[in-house]
>>> print(open('protein30.tsv').read())   # TSV, C-alpha atoms
chain	number	residue	atom	x	y	z
A	186	MET	CA	12.24	-23.32	-10.50
A	187	ILE	CA	14.52	-21.57	-13.00
A	188	LEU	CA	13.86	-18.21	-14.65
A	189	SER	CA	13.87	-19.04	-18.36
A	190	LYS	CA	12.35	-15.89	-19.92
A	191	LEU	CA	12.22	-12.24	-18.87
A	192	SER	CA	10.66	-9.25	-20.66
A	193	LEU	CA	10.12	-5.64	-19.72
A	194	TYR	CA	7.43	-3.39	-21.20
A	195	GLN	CA	6.38	0.22	-20.70
A	196	PHE	CA	2.81	1.52	-20.66
A	197	SER	CA	1.11	4.90	-20.52
A	198	ILE	CA	-2.61	5.26	-19.82
A	199	GLU	CA	-4.61	8.48	-20.06
A	200	LEU	CA	-7.01	9.20	-17.23
A	201	ASP	CA	-10.66	10.08	-17.84
A	202	ARG	CA	-10.52	12.46	-14.89
A	203	LEU	CA	-7.73	13.91	-12.80
A	204	LEU	CA	-6.43	11.87	-9.88
A	205	PRO	CA	-5.06	13.52	-6.72
A	206	VAL	CA	-1.45	12.93	-5.72
A	207	GLY	CA	-1.33	14.87	-2.48
A	208	LYS	CA	-2.41	18.36	-3.51
A	209	GLN	CA	-1.24	17.80	-7.08
A	210	ARG	CA	-3.22	16.25	-9.93
A	211	ILE	CA	-2.24	13.86	-12.73
A	212	ASP	CA	-3.98	13.09	-16.03
A	213	ASN	CA	-1.79	10.16	-17.09
A	214	ARG	CA	-0.30	7.09	-15.41
A	215	SER	CA	2.85	5.47	-16.75
A	216	GLY	CA	4.77	2.45	-15.58
A	217	LEU	CA	6.28	-0.90	-16.44
A	218	VAL	CA	5.18	-4.50	-16.82
A	219	LEU	CA	7.66	-7.23	-15.99
A	220	ALA	CA	6.93	-10.65	-17.52
A	221	ALA	CA	8.74	-13.72	-16.20
A	222	THR	CA	8.59	-17.42	-17.05
A	223	ALA	CA	9.92	-20.05	-14.65
A	224	ASP	CA	10.52	-23.70	-15.54
A	225	ALA	CA	10.09	-26.56	-13.11
A	226	ASP	CA	10.83	-30.05	-14.47
A	227	THR	CA	8.27	-30.54	-17.26
A	228	SER	CA	6.09	-27.51	-16.51
A	229	GLU	CA	6.45	-23.77	-16.82
A	230	ARG	CA	4.64	-20.77	-15.37
A	231	THR	CA	4.45	-17.19	-16.69
A	232	GLU	CA	3.43	-14.25	-14.52
A	233	TYR	CA	3.21	-10.47	-14.89
A	234	VAL	CA	3.73	-7.68	-12.38
A	235	GLU	CA	3.30	-3.93	-12.61
A	236	ILE	CA	6.20	-1.76	-11.46
A	237	SER	CA	5.00	1.84	-11.32
A	238	PRO	CA	6.91	4.35	-9.20
A	239	LEU	CA	4.63	7.26	-8.30
A	240	SER	CA	6.77	9.97	-9.84
A	241	GLY	CA	6.80	12.18	-12.90
A	242	HIS	CA	4.94	15.47	-13.36
A	243	ASP	CA	1.50	16.85	-12.57
A	244	VAL	CA	-0.91	18.51	-15.00
A	245	ASP	CA	0.90	21.83	-14.54
A	246	GLY	CA	4.27	20.32	-15.42
A	247	ASN	CA	5.58	20.36	-11.84
A	248	PRO	CA	7.47	17.34	-10.44
A	249	LEU	CA	5.41	15.09	-8.16
A	250	THR	CA	6.77	15.44	-4.63
A	251	GLY	CA	6.51	13.32	-1.50
A	252	PHE	CA	6.04	9.91	-3.08
A	253	SER	CA	8.49	7.72	-5.07
A	254	GLN	CA	12.08	8.87	-4.75
A	255	HIS	CA	13.11	7.48	-8.14
A	256	SER	CA	11.88	8.35	-11.61
A	257	LEU	CA	10.47	5.89	-14.12
A	258	ALA	CA	13.60	6.39	-16.23
A	259	GLN	CA	15.80	5.41	-13.28
A	260	THR	CA	13.65	2.33	-12.74
A	261	VAL	CA	14.00	1.34	-16.40
A	262	THR	CA	17.77	1.78	-16.25
A	263	GLU	CA	18.22	-0.36	-13.15
A	264	LEU	CA	15.98	-3.15	-14.41
A	265	THR	CA	17.53	-3.31	-17.88
A	266	ASN	CA	20.98	-3.42	-16.26
A	267	ASN	CA	20.14	-6.14	-13.73
A	268	LEU	CA	17.55	-8.43	-15.29
A	269	PRO	CA	20.01	-10.21	-17.63
A	270	ALA	CA	21.88	-11.61	-14.61
A	271	LEU	CA	18.66	-13.32	-13.44
A	272	LEU	CA	18.20	-15.39	-16.57
A	273	GLN	CA	18.66	-19.15	-16.00
A	274	GLN	CA	18.93	-18.52	-12.26
A	275	PRO	CA	16.67	-19.90	-9.49
A	276	VAL	CA	13.48	-17.95	-8.82
A	277	ASP	CA	14.81	-17.04	-5.37
A	278	THR	CA	17.36	-14.72	-7.01
A	279	LEU	CA	14.43	-12.33	-7.49
A	280	LEU	CA	14.43	-11.88	-3.72
A	281	ASP	CA	18.19	-11.31	-3.66
A	282	LEU	CA	17.84	-8.44	-6.12
A	283	ALA	CA	14.81	-7.09	-4.23
A	284	ASP	CA	16.85	-6.99	-1.02
A	285	ASN	CA	19.75	-5.18	-2.66
A	286	THR	CA	18.02	-2.42	-4.61
A	287	GLU	CA	17.42	1.07	-3.25
A	288	GLN	CA	14.37	1.48	-5.49
A	289	HIS	CA	11.25	0.55	-3.54
A	290	ALA	CA	9.09	-0.01	-6.63
A	291	ILE	CA	11.61	-2.53	-7.95
A	292	ALA	CA	11.91	-4.26	-4.57
A	293	PHE	CA	8.14	-4.65	-4.36
A	294	GLY	CA	7.78	-5.75	-7.98
A	295	LEU	CA	10.47	-8.43	-7.80
A	296	SER	CA	9.26	-9.83	-4.48
A	297	LEU	CA	5.70	-9.83	-5.84
A	298	MET	CA	6.88	-11.68	-8.95
A	299	HIS	CA	8.51	-14.28	-6.71
A	300	ALA	CA	5.25	-14.71	-4.78
A	301	LYS	CA	3.26	-15.06	-8.00
A	302	LEU	CA	5.61	-17.60	-9.55
A	303	MET	CA	5.55	-19.63	-6.35
A	304	GLY	CA	1.74	-19.60	-6.40
A	305	SER	CA	1.44	-17.69	-3.12
A	306	LEU	CA	-1.31	-15.39	-4.47
A	307	ASP	CA	-3.33	-18.12	-6.19
A	308	GLY	CA	-7.00	-18.37	-5.28
A	309	HIS	CA	-7.16	-15.19	-3.22
A	310	SER	CA	-9.35	-12.12	-3.65
A	311	LEU	CA	-12.06	-13.79	-5.71
A	312	GLU	CA	-14.34	-10.99	-4.48
A	313	SER	CA	-13.06	-7.44	-4.82
A	314	ARG	CA	-13.05	-5.34	-1.64
A	315	THR	CA	-12.30	-1.66	-1.47
A	316	ILE	CA	-13.13	1.57	0.33
A	317	PRO	CA	-14.72	4.09	-2.09
A	318	LEU	CA	-12.60	7.18	-2.67
A	319	ILE	CA	-14.39	10.51	-2.51
A	320	TYR	CA	-12.72	13.70	-3.64
A	321	ARG	CA	-13.79	16.94	-5.27
A	322	ASN	CA	-12.51	17.52	-8.78
A	323	GLN	CA	-11.21	20.96	-9.71
A	324	ASP	CA	-14.08	23.47	-10.04
A	325	GLU	CA	-16.59	20.67	-9.46
A	326	PRO	CA	-19.85	21.65	-7.72
A	327	LEU	CA	-20.67	19.98	-4.43
A	328	SER	CA	-23.83	18.61	-6.03
A	329	ALA	CA	-21.70	16.36	-8.27
A	330	VAL	CA	-19.96	14.89	-5.22
A	331	ALA	CA	-23.35	14.43	-3.59
A	332	GLU	CA	-24.54	12.37	-6.54
A	333	ARG	CA	-21.56	10.04	-6.18
A	334	VAL	CA	-22.28	9.60	-2.48
A	335	LYS	CA	-25.96	8.89	-3.19
A	336	ALA	CA	-24.85	6.23	-5.69
A	337	LEU	CA	-22.87	4.28	-3.07
A	338	ALA	CA	-24.19	0.78	-2.42
A	339	SER	CA	-26.07	0.24	0.83
A	340	ASN	CA	-23.46	-2.26	2.00
A	341	VAL	CA	-20.73	0.42	1.87
A	342	HIS	CA	-20.14	1.62	5.40
A	343	ALA	CA	-16.88	3.57	5.06
A	344	VAL	CA	-15.37	5.99	2.55
A	345	LYS	CA	-11.99	7.62	2.09
A	346	VAL	CA	-12.19	11.39	1.66
A	347	LYS	CA	-9.35	13.60	0.42
A	348	VAL	CA	-9.03	16.72	2.59
A	349	ALA	CA	-6.56	19.61	2.98
A	350	GLN	CA	-7.10	20.25	-0.73
A	351	THR	CA	-9.07	23.52	-0.71
A	352	SER	CA	-10.40	25.86	2.00
A	353	LEU	CA	-11.38	24.64	5.47
A	354	GLU	CA	-14.89	26.02	4.97
A	355	ASP	CA	-15.44	24.15	1.70
A	356	GLU	CA	-14.12	20.89	3.07
A	357	ILE	CA	-16.14	21.08	6.27
A	358	GLN	CA	-19.19	21.66	4.07
A	359	LEU	CA	-18.21	18.64	1.95
A	360	ILE	CA	-17.94	16.37	5.01
A	361	HIS	CA	-21.28	17.50	6.40
A	362	GLN	CA	-22.92	16.98	3.02
A	363	ILE	CA	-21.59	13.42	2.86
A	364	LEU	CA	-22.89	12.68	6.35
A	365	ALA	CA	-26.23	14.32	5.60
A	366	ILE	CA	-26.71	11.87	2.73
A	367	ARG	CA	-25.27	8.83	4.53
A	368	SER	CA	-25.11	9.35	8.28
A	369	ASP	CA	-24.01	5.72	8.74
A	370	LEU	CA	-20.68	6.20	6.94
A	371	LYS	CA	-17.37	6.12	8.76
A	372	LEU	CA	-14.78	8.48	7.32
A	373	ARG	CA	-11.17	7.70	6.51
A	374	LEU	CA	-9.85	11.22	5.99
A	375	ASP	CA	-6.61	11.70	4.06
A	376	ALA	CA	-4.83	15.00	4.62
A	377	ASN	CA	-1.47	14.12	2.99
A	378	ARG	CA	0.29	16.38	5.52
A	379	GLY	CA	-1.78	19.28	4.23
A	380	PHE	CA	-2.66	21.02	7.52
A	381	GLU	CA	-0.70	23.07	9.97
A	382	LEU	CA	-1.35	21.83	13.52
A	383	GLN	CA	-3.95	24.48	14.37
A	384	GLN	CA	-5.72	24.01	11.03
A	385	ALA	CA	-5.99	20.27	11.62
A	386	ILE	CA	-7.47	20.86	15.07
A	387	GLU	CA	-9.97	23.44	13.76
A	388	PHE	CA	-10.99	21.16	10.91
A	389	ILE	CA	-11.67	18.11	13.07
A	390	ALA	CA	-13.42	20.23	15.71
A	391	CYS	CA	-16.12	21.00	13.12
A	392	ILE	CA	-16.82	17.35	12.28
A	393	PRO	CA	-18.68	14.76	14.41
A	394	LEU	CA	-15.85	12.83	16.05
A	395	ASN	CA	-17.82	9.58	16.09
A	396	ALA	CA	-17.95	9.66	12.27
A	397	ILE	CA	-14.15	9.64	11.93
A	398	GLU	CA	-12.40	6.29	11.62
A	399	TYR	CA	-9.04	8.11	11.39
A	400	ILE	CA	-7.26	10.91	9.55
A	401	GLU	CA	-4.09	10.11	7.60
A	402	GLU	CA	-1.06	12.33	8.18
A	403	PRO	CA	-3.06	15.29	9.52
A	404	CYS	CA	-0.12	17.65	10.11
A	405	ARG	CA	2.49	19.11	7.79
A	406	GLN	CA	5.08	18.38	10.48
A	407	PRO	CA	4.67	14.70	11.50
A	408	GLY	CA	5.98	15.52	14.97
A	409	ASP	CA	2.80	17.54	15.53
A	410	ASN	CA	0.49	14.53	15.15
A	411	PRO	CA	0.58	13.52	18.86
A	412	HIS	CA	-0.14	17.16	19.80
A	413	PHE	CA	-3.08	17.08	17.40
A	414	TYR	CA	-4.42	13.99	19.18
A	415	LYS	CA	-3.92	15.52	22.61
A	416	ALA	CA	-5.95	18.57	21.57
A	417	ILE	CA	-8.86	16.86	19.80
A	418	GLU	CA	-8.58	13.08	20.49
A	419	ALA	CA	-9.15	12.13	16.88
A	420	PRO	CA	-7.32	8.92	15.87
A	421	TRP	CA	-4.72	9.36	13.15
A	422	ALA	CA	-2.74	7.18	10.76
A	423	LEU	CA	0.64	7.24	9.08
A	424	ASP	CA	1.05	7.08	5.30
A	425	GLU	CA	3.76	9.22	3.69
A	426	SER	CA	6.02	8.85	6.74
A	427	LEU	CA	6.41	5.14	6.02
A	428	ASN	CA	8.14	5.91	2.71
A	429	ASP	CA	11.05	7.69	4.37
A	430	PRO	CA	14.13	5.42	3.98
A	431	ASP	CA	15.01	6.12	7.63
A	432	TYR	CA	11.52	5.44	9.03
A	433	GLN	CA	11.39	3.25	12.13
A	434	PHE	CA	8.08	2.40	13.78
A	435	GLU	CA	7.49	4.33	17.00
A	436	MET	CA	4.25	4.18	18.95
A	437	GLN	CA	2.75	7.63	19.52
A	438	ALA	CA	-0.39	8.94	21.18
A	439	GLY	CA	-3.40	8.55	18.90
A	440	LEU	CA	-1.71	6.44	16.22
A	441	CYS	CA	-4.25	3.78	15.23
A	442	ALA	CA	-3.22	2.62	11.75
A	443	ILE	CA	-0.43	2.50	9.20
A	444	ILE	CA	-1.44	2.89	5.56
A	445	ILE	CA	1.03	0.94	3.46
A	446	LYS	CA	1.48	1.63	-0.23
A	447	PRO	CA	3.65	-1.37	-1.16
A	448	MET	CA	4.93	0.22	-4.37
A	449	LEU	CA	6.39	3.01	-2.24
A	450	LEU	CA	7.46	0.92	0.76
A	451	GLY	CA	9.50	-1.87	-0.81
A	452	SER	CA	9.63	-5.65	-0.63
A	453	LEU	CA	7.00	-7.98	0.79
A	454	ASN	CA	9.45	-8.94	3.54
A	455	LYS	CA	9.73	-5.28	4.57
A	456	LEU	CA	5.94	-4.94	4.49
A	457	GLN	CA	5.40	-7.96	6.74
A	458	ALA	CA	8.14	-6.90	9.16
A	459	LEU	CA	6.53	-3.47	9.57
A	460	GLN	CA	3.11	-5.06	9.97
A	461	HIS	CA	4.44	-7.35	12.70
A	462	VAL	CA	5.80	-4.42	14.74
A	463	ALA	CA	2.54	-2.50	14.29
A	464	ASN	CA	0.52	-5.50	15.44
A	465	GLU	CA	2.55	-5.65	18.65
A	466	HIS	CA	1.24	-2.15	19.45
A	467	ALA	CA	-2.35	-2.90	18.37
A	468	VAL	CA	-1.96	-0.59	15.36
A	469	ARG	CA	-3.91	-1.62	12.26
A	470	THR	CA	-2.23	-2.25	8.91
A	471	ILE	CA	-4.17	-1.23	5.80
A	472	LEU	CA	-2.90	-1.61	2.24
A	473	SER	CA	-3.44	1.21	-0.23
A	474	SER	CA	-2.74	1.85	-3.89
A	475	SER	CA	-0.16	4.14	-5.45
A	476	LEU	CA	-2.57	4.75	-8.34
A	477	GLU	CA	-1.54	1.57	-10.13
A	478	ALA	CA	-3.30	0.36	-13.26
A	479	SER	CA	-5.57	-2.70	-13.12
A	480	LEU	CA	-2.71	-5.23	-13.12
A	481	GLY	CA	-1.26	-3.67	-9.98
A	482	ILE	CA	-4.64	-3.19	-8.31
A	483	ASP	CA	-5.52	-6.86	-8.82
A	484	ALA	CA	-2.26	-7.87	-7.14
A	485	LEU	CA	-2.89	-5.48	-4.22
A	486	SER	CA	-6.37	-6.92	-3.78
A	487	ARG	CA	-5.00	-10.45	-3.66
A	488	LEU	CA	-2.19	-9.42	-1.35
A	489	ALA	CA	-4.57	-7.67	1.03
A	490	SER	CA	-6.73	-10.78	1.31
A	491	ILE	CA	-3.62	-12.65	2.51
A	492	VAL	CA	-1.74	-10.23	4.77
A	493	THR	CA	-4.67	-8.07	6.02
A	494	PRO	CA	-7.75	-10.32	5.67
A	495	ASP	CA	-9.72	-8.34	8.27
A	496	GLU	CA	-9.05	-4.94	6.67
A	497	ILE	CA	-10.55	-3.53	3.47
A	498	PRO	CA	-7.77	-2.03	1.30
A	499	GLY	CA	-7.84	1.44	-0.21
A	500	ILE	CA	-7.68	0.61	-3.91
A	501	ASP	CA	-10.63	2.52	-5.39
A	502	THR	CA	-8.72	4.43	-8.07
A	503	LEU	CA	-9.41	2.52	-11.30
A	504	ALA	CA	-12.55	4.49	-12.18
A	505	ALA	CA	-10.34	7.32	-13.45
A	506	PHE	CA	-8.42	5.07	-15.88
A	507	SER	CA	-9.47	5.08	-19.54
A	508	GLN	CA	-8.09	1.55	-20.10
A	509	ASP	CA	-7.22	-1.59	-18.19
A	510	LEU	CA	-3.78	-3.20	-18.20
A	511	LEU	CA	-3.60	-6.98	-18.89
A	512	GLN	CA	-6.08	-7.64	-16.05
A	513	SER	CA	-9.63	-6.61	-17.00
A	514	SER	CA	-11.72	-4.65	-14.53
A	515	GLY	CA	-14.55	-4.32	-17.04
A	516	LYS	CA	-13.40	-1.37	-19.12
A	517	ALA	CA	-14.05	-1.31	-22.86
A	518	LYS	CA	-10.32	-1.55	-23.66
A	519	CYS	CA	-7.78	-3.79	-21.91
A	520	LEU	CA	-4.20	-3.31	-23.05
A	521	GLU	CA	-2.32	-6.48	-24.00
A	522	LEU	CA	1.45	-6.95	-24.21
A	523	SER	CA	1.31	-6.23	-27.95
A	524	ASP	CA	-0.05	-2.76	-27.14
A	525	LEU	CA	2.92	-1.89	-24.92
A	526	GLN	CA	6.43	-0.69	-25.71
A	527	LEU	CA	8.91	-3.56	-25.46
A	528	LEU	CA	12.05	-2.42	-23.64
A	529	LEU	CA	13.86	-5.71	-23.05
A	530	LYS	CA	13.39	-9.34	-24.03
A	531	LEU	CA	15.59	-12.13	-22.67
>>> encode(input="protein30.tsv", output="structure tokens")
Amino acid sequence: MILSKLSLYQFSIELDRLLPVGKQRIDNRSGLVLAATADADTSERTEYVEISPLSGHDVDGNPLTGFSQHSLAQTVTELTNNLPALLQQPVDTLLDLADNTEQHAIAFGLSLMHAKLMGSLDGHSLESRTIPLIYRNQDEPLSAVAERVKALASNVHAVKVKVAQTSLEDEIQLIHQILAIRSDLKLRLDANRGFELQQAIEFIACIPLNAIEYIEEPCRQPGDNPHFYKAIEAPWALDESLNDPDYQFEMQAGLCAIIIKPMLLGSLNKLQALQHVANEHAVRTILSSSLEASLGIDALSRLASIVTPDEIPGIDTLAAFSQDLLQSSGKAKCLELSDLQLLLKL
């Protein structure tokens, strides 16, 4: 298969409500769409991937920290400089470029495009699976969160809850309110390194331990996580740590899962290599979104059904988006290529 056409587009979608990025909040999501056509004998195939580094600024104008290490502008520059060399080359050259870039969003996007063009994602994820995301909006009353919990379907048995966002007292109250409404729920707590060690211990000590599936990155200093487990015996997971360029898997006391955001991690090969090492230590691998638009979420859903078929991914972030992107999730407006800014056409 030969790459015969390549195009790059930019999108920007307003959010109907703020989305949490750690302790920060965003009201807009911007990114890129890469379109590629590959020819094989008498047939051709066109596919689209979203490439959306989680960077930029929050609602207060402050730079987003702790996620993508490259800006959208840097991503645009690298792609516009390198895509022309791929034209009329074999599809496998996408993987060569993915292996040689330092930008994780590009590495993931190009390896995903290769998988799509090769048909590796075809026929998967016909039924959407996700863990509902529960978080408290700024100045939102607890009663509003309670209504969202009451609205959960009866077949939902786990939720992801953002914590380390406000005061310990408020968040403990939030957890107990959720469990009072649905005592059957298992909690995937996400602290985004928001607690000091003693805070994390105090927080978990006030919650029924049997209701906790795990807590992601409980401590501000990752080295404190095993001490947290020793003190309270609550299972924990890694998330942000995986995005460190120097990260190497190391089994630690209490580590039960790794939460992979592919857009932040890199290529599919890197994802599967990390998953393999984790499996050897009986550590679960769970895929999670980087707040992609619907095109990216659809790909994550399909990918999860292939690489983690026994795990439900954390991709419940589309409700905040005012519009879909190429792939409809049922919103009133679905952006098409003609609605996007064309940056490059080859």
>>> residues_around(input="protein30.tsv", residues="region 197-208 of chain A", least_positions_apart="2", cutoff="6 Å", atoms="all atoms listed in the file", output="PDB file with C-alpha atoms, in the coordinates of the input")
ATOM      1  CA  ARG A 210      -3.220  16.250  -9.930  1.00  0.00           C
ATOM      2  CA  ILE A 211      -2.240  13.860 -12.730  1.00  0.00           C
ATOM      3  CA  ASP A 212      -3.980  13.090 -16.030  1.00  0.00           C
ATOM      4  CA  ASN A 213      -1.790  10.160 -17.090  1.00  0.00           C
ATOM      5  CA  ARG A 214      -0.300   7.090 -15.410  1.00  0.00           C
ATOM      6  CA  SER A 215       2.850   5.470 -16.750  1.00  0.00           C
ATOM      7  CA  GLN A 350      -7.100  20.250  -0.730  1.00  0.00           C
ATOM      8  CA  ASN A 377      -1.470  14.120   2.990  1.00  0.00           C
ATOM      9  CA  ALA A 505     -10.340   7.320 -13.450  1.00  0.00           C
ATOM     10  CA  PHE A 506      -8.420   5.070 -15.880  1.00  0.00           C
ATOM     11  CA  SER A 507      -9.470   5.080 -19.540  1.00  0.00           C
TER      12      SER A 507
END
>>> closest_atom_pairs(input="protein30.tsv", of="region 189-218 of chain A", to="region 514-525 of chain A", cutoff="7 Å", atoms="all atoms listed in the file", output="Markdown table")
| residue | atom | partner | partner_atom | distance |
| --- | --- | --- | --- | --- |
| A:Tyr194 | CA | A:Leu525 | CA | 6.0 |
| A:Gln195 | CA | A:Leu525 | CA | 5.9 |
| A:Phe196 | CA | A:Leu525 | CA | 5.5 |
>>> atom_distance(input="protein30.tsv", atom1="CA of Glu232 (chain A)", atom2="CA of Met448 (chain A)")
17.7 Å
>>> residues_around(input="protein30.tsv", residues="region 244-254 of chain A", least_positions_apart="2", cutoff="10 Å", atoms="all atoms listed in the file", output="count of residues only")
34
>>> residues_around(input="protein30.tsv", residues="region 434-437 of chain A", least_positions_apart="3", cutoff="9 Å", atoms="all atoms listed in the file", output="list in words")
Asn410, Pro411, Leu427, Leu440, Leu459, Val462, Ala463, His466 and Val468 of chain A
>>> closest_residue(input="protein30.tsv", among="A:Arg333, A:Arg321, A:Arg230, A:Lys345", to="Ile366 (chain A)", atoms="all atoms listed in the file")
A:Arg333
>>> atom_distance(input="protein30.tsv", atom1="CA of Glu354 (chain A)", atom2="CA of Gln384 (chain A)")
11.2 Å
>>> atom_distance(input="protein30.tsv", atom1="CA of Glu332 (chain A)", atom2="CA of Thr502 (chain A)")
17.8 Å
>>> closest_residue(input="protein30.tsv", among="A:Glu235, A:Glu381, A:Asp431, A:Glu325", to="His412 (chain A)", atoms="all atoms listed in the file")
A:Glu381
>>> residues_around(input="protein30.tsv", residues="Tyr414 (chain A)", least_positions_apart="4", cutoff="9 Å", atoms="all atoms listed in the file", output="list in words")
Ile386, Asp409, Asn410, Glu418, Ala419, Pro420, Trp421, Ala438, Gly439 and Leu440 of chain A
>>> residues_around(input="protein30.tsv", residues="Thr470 (chain A)", least_positions_apart="6", cutoff="10 Å", atoms="only C-alpha atoms", output="MDAnalysis selection string")
chainID A and resid 422:423 441:445 456:457 459:461 463:464 489 492:493 495:496 498
>>> closest_residue(input="protein30.tsv", among="A:Ala329, A:Leu193, A:Ile497, A:Leu374", to="Asn266 (chain A)", atoms="all atoms listed in the file")
A:Leu193
>>> closest_residue(input="protein30.tsv", among="A:Ala385, A:Ala396, A:Leu191, A:Ala376", to="Asp424 (chain A)", atoms="only C-alpha atoms")
A:Ala376
>>> closest_residue(input="protein30.tsv", among="A:Ser296, A:Thr260, A:Gln512, A:Gln358", to="Ser328 (chain A)", atoms="only C-alpha atoms")
A:Gln358
>>> closest_residue(input="protein30.tsv", among="A:Asp509, A:Ile319, A:Ala300, A:Gly481", to="Val234 (chain A)", atoms="all atoms listed in the file")
A:Gly481
